[in-house]
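Visitor: Take a look at this one; I'll ask things after.
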Amino acid sequence: GAGVSQSPSNKVTEKGKDVELRCDPISGHTALYWYRQSLGQGLEFLIYFQGNSAPDKSGLPSDRFSAERTGGSVSTLTIQRTQQEDSAVYLCASSPMFRGEGYTFGSGTRLTVV
Amino acid sequence: GESVGLHLPTLSVQEGDNSIINCAYSNSASDYFIWYKQESGKGPQFIIDIRSNMDKRQGQRVTVLLNKTVKHLSLQIAATQPGDSAVYFCAESYSGGYQKVTFGTGTKLQVIP
């Protein structure tokens with residue numbers, strides 16, 4: 001597609017439930033990133049996929065968070081047993097190369113855990 | 001650890017004036033810097049970037065200045081317009097290793113009509 005697409009745009013879930021957030025990167029972009037943005041905060045790195053290399057999961061805050069990228073394209077971020085502190089905007093970005101050049105962000109998924 | 005911080009969380013500027021948004025970075029090994037603009041309800045949008053072998057780079061109405069001596073980055077917006085109202089993030093990365101981009105907290109720019 002023309003841009004990075006994220007779905008859903010908004011998600012309200014009950015504490016303890018699992019959620020899946022989806023990211024469709026720009027076609028041909030080999031790098032895909034997930035960030036989390038809490039209200040009034042900067043962007044917190046979560047995970048990075050680059051081609052067929054093992055993903056960098058160093059930013060995942062706990063083992064409740066996981067992500068996968070199928071076929072080098074679509075990515076899913078899963079949060080298990082959601083907690084209220086997981087409430088944030090989850091942003092996905094893709095890039096044609098490593099360095100963040102040409103980073104294109106999606107509009108994000110606003111997750112609210114009640 | 002790495003950190004990128006902004007000096008002013010909110011900046012109010014009269015329409016037509018020039019805006020200057022500042023950023024300090026702590027990783028002296030960082031060699032690539034980016035400014036992003038984030039409008040309400042949207043993801044950050046790339047504005048301009050600069051590599052560490054440059055001191056200045058100009059775009060359309062925007063200029064980025066890099067001072068490696070004091071590890072300072074700034075974004076200048078000429079003739080600020082209401083459409084410039086947004087949160088601006090600086091970001092850094094290092095090409096020598098894993099090239100993850102680290103973002104700062106952001107500065108909110110408010111343009112007064």
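The way I read the labels, and the way they are meant: chains A, B, ... in the order of the structure tokens, residue 1 as the first residue of every chain, and ligand 1 as the first ligand shown, with later ones counted on from there.
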Fewer than 4 positions away in the same chain doesn't count, so skip those; otherwise give me all residues within 10 Å of Ser58 in chain A, counting only C-alpha atoms, as a list in words.
Guide: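 The residues that qualify are Phe45, Leu46, Ile47, Tyr48 and Ser62 of chain A.
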Visitor: List every residue of chain B that has an atom at most 12 Å from any atom of chain A, giving for each one its closest atom pair and the distance in Å to one decimal, counting only C-alpha atoms, sorted by chain and then by ascending residue number, as a Markdown table.
Guide:
| residue | atom | partner | partner_atom | distance |
| --- | --- | --- | --- | --- |
| B:Ser3 | CA | A:Gly42 | CA | 11.0 |
| B:Val4 | CA | A:Gly42 | CA | 9.7 |
| B:Gly5 | CA | A:Gly42 | CA | 9.5 |
| B:Leu6 | CA | A:Gly42 | CA | 10.4 |
| B:Pro9 | CA | A:Gly40 | CA | 9.5 |
| B:Thr10 | CA | A:Gly40 | CA | 11.2 |
| B:Ser30 | CA | A:Arg99 | CA | 11.3 |
| B:Asp31 | CA | A:Arg99 | CA | 10.2 |
| B:Tyr32 | CA | A:Arg99 | CA | 8.1 |
| B:Phe33 | CA | A:Gly100 | CA | 9.3 |
| B:Ile34 | CA | A:Glu101 | CA | 8.3 |
| B:Trp35 | CA | A:Glu101 | CA | 11.0 |
| B:Tyr36 | CA | A:Tyr103 | CA | 9.7 |
| B:Lys37 | CA | A:Phe105 | CA | 11.0 |
| B:Gln38 | CA | A:Ser107 | CA | 9.8 |
| B:Glu39 | CA | A:Ser107 | CA | 10.0 |
| B:Ser40 | CA | A:Ser107 | CA | 9.9 |
| B:Gly41 | CA | A:Ser107 | CA | 6.9 |
| B:Lys42 | CA | A:Ser107 | CA | 4.6 |
| B:Gly43 | CA | A:Ser107 | CA | 4.4 |
| B:Pro44 | CA | A:Phe105 | CA | 6.1 |
| B:Gln45 | CA | A:Phe105 | CA | 6.8 |
| B:Phe46 | CA | A:Tyr103 | CA | 7.0 |
| B:Ile47 | CA | A:Gly102 | CA | 10.0 |
| B:Ile48 | CA | A:Glu101 | CA | 9.7 |
| B:Asp49 | CA | A:Glu101 | CA | 8.1 |
| B:Ile50 | CA | A:Glu101 | CA | 10.2 |
| B:Arg51 | CA | A:Glu101 | CA | 10.8 |
| B:Val87 | CA | A:Gly40 | CA | 9.7 |
| B:Tyr88 | CA | A:Gly42 | CA | 10.0 |
| B:Phe89 | CA | A:Gly42 | CA | 7.7 |
| B:Cys90 | CA | A:Gly42 | CA | 9.7 |
| B:Ala91 | CA | A:Gly100 | CA | 9.5 |
| B:Glu92 | CA | A:Gly100 | CA | 9.1 |
| B:Ser93 | CA | A:Arg99 | CA | 7.1 |
| B:Tyr94 | CA | A:Arg99 | CA | 8.0 |
| B:Ser95 | CA | A:Arg99 | CA | 6.8 |
| B:Gly96 | CA | A:Arg99 | CA | 10.2 |
| B:Gly97 | CA | A:Arg99 | CA | 10.2 |
| B:Tyr98 | CA | A:Phe98 | CA | 8.4 |
| B:Gln99 | CA | A:Arg99 | CA | 5.4 |
| B:Lys100 | CA | A:Arg99 | CA | 7.2 |
| B:Val101 | CA | A:Gly100 | CA | 6.4 |
| B:Thr102 | CA | A:Phe45 | CA | 7.4 |
| B:Phe103 | CA | A:Leu43 | CA | 5.7 |
| B:Gly104 | CA | A:Gly42 | CA | 5.5 |
| B:Thr105 | CA | A:Gly42 | CA | 3.8 |
| B:Gly106 | CA | A:Gly42 | CA | 6.0 |
| B:Thr107 | CA | A:Gly42 | CA | 9.6 |
| B:Lys108 | CA | A:Gly40 | CA | 9.6 |
Visitor: Write out as an MDAnalysis selection string the residues lying within 6 Å of Asn18 in chain B, counting only C-alpha atoms and excluding same-chain residues fewer than 4 positions away.
Guide: chainID B and resid 77:80
Visitor: Let's see if you can do this: from backbone DSSP, list all strand (DSSP E or B) residues in chain B, as an MDAnalysis selection string.
Guide: chainID B and resid 4:6 10:14 19:25 32:38 45:51 56:58 62:67 72:77 86:93 102:103 107:112
Visitor: For CA of Asp84 in chain B and CA of Gly59 in chain B, quote the distance in Å rounded to one decimal.
Guide: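 It comes out at 14.5 Å.
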Visitor: For CA of Ile26 in chain A and CA of Asn52 in chain A, quote the distance in Å rounded to one decimal.
Guide: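 Atom-to-atom, CA of Ile26 in chain A to CA of Asn52 in chain A, that is 16.6 Å.
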Visitor: Separation of CA of Arg81 in chain A and CA of Pro61 in chain A, in Å?
Guide: 13.4 Å
Visitor: List the spatial neighbours of Glu15 in chain B as a PDB file with N, CA, C and O atoms, in the first residue's frame - criterion: any atom at most 6 Å away, only C-alpha atoms, same-chain residues fewer than 2 positions off excluded.
Guide:
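Wrote selection.pdb, looks like this:
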ATOM      1  N   ASP B  17       6.676  34.218  12.758  1.00  0.00           N
ATOM      2  CA  ASP B  17       8.001  34.251  13.372  1.00  0.00           C
ATOM      3  C   ASP B  17       8.749  32.950  13.076  1.00  0.00           C
ATOM      4  O   ASP B  17       8.161  31.964  12.626  1.00  0.00           O
ATOM      5  N   THR B  80       6.874  30.555  10.714  1.00  0.00           N
ATOM      6  CA  THR B  80       6.014  29.514  11.279  1.00  0.00           C
ATOM      7  C   THR B  80       4.549  29.746  10.934  1.00  0.00           C
ATOM      8  O   THR B  80       4.035  30.863  11.033  1.00  0.00           O
ATOM      9  N   GLN B  81       3.897  28.656  10.564  1.00  0.00           N
ATOM     10  CA  GLN B  81       2.496  28.709  10.155  1.00  0.00           C
ATOM     11  C   GLN B  81       1.642  27.880  11.117  1.00  0.00           C
ATOM     12  O   GLN B  81       2.153  27.002  11.798  1.00  0.00           O
ATOM     13  N   VAL B 111       1.472  27.457  17.603  1.00  0.00           N
ATOM     14  CA  VAL B 111       1.567  28.645  16.772  1.00  0.00           C
ATOM     15  C   VAL B 111       0.362  29.533  17.066  1.00  0.00           C
ATOM     16  O   VAL B 111      -0.784  29.097  16.936  1.00  0.00           O
ATOM     17  N   ILE B 112       0.648  30.744  17.470  1.00  0.00           N
ATOM     18  CA  ILE B 112      -0.396  31.702  17.830  1.00  0.00           C
ATOM     19  C   ILE B 112      -0.762  32.509  16.589  1.00  0.00           C
ATOM     20  O   ILE B 112       0.092  33.189  16.029  1.00  0.00           O
ATOM     21  N   PRO B 113      -2.028  32.449  16.168  1.00  0.00           N
ATOM     22  CA  PRO B 113      -2.424  33.167  14.938  1.00  0.00           C
ATOM     23  C   PRO B 113      -2.340  34.676  15.106  1.00  0.00           C
ATOM     24  O   PRO B 113      -2.449  35.194  16.200  1.00  0.00           O
TER      25      PRO B 113
END
Visitor: Might you pull out every residue within 6 Å of Ser85 in chain B, with only C-alpha atoms counted and same-chain residues fewer than 3 positions away left off, and present them as a list in words?
Guide: Pro82, Leu109, Gln110 and Val111 of chain B
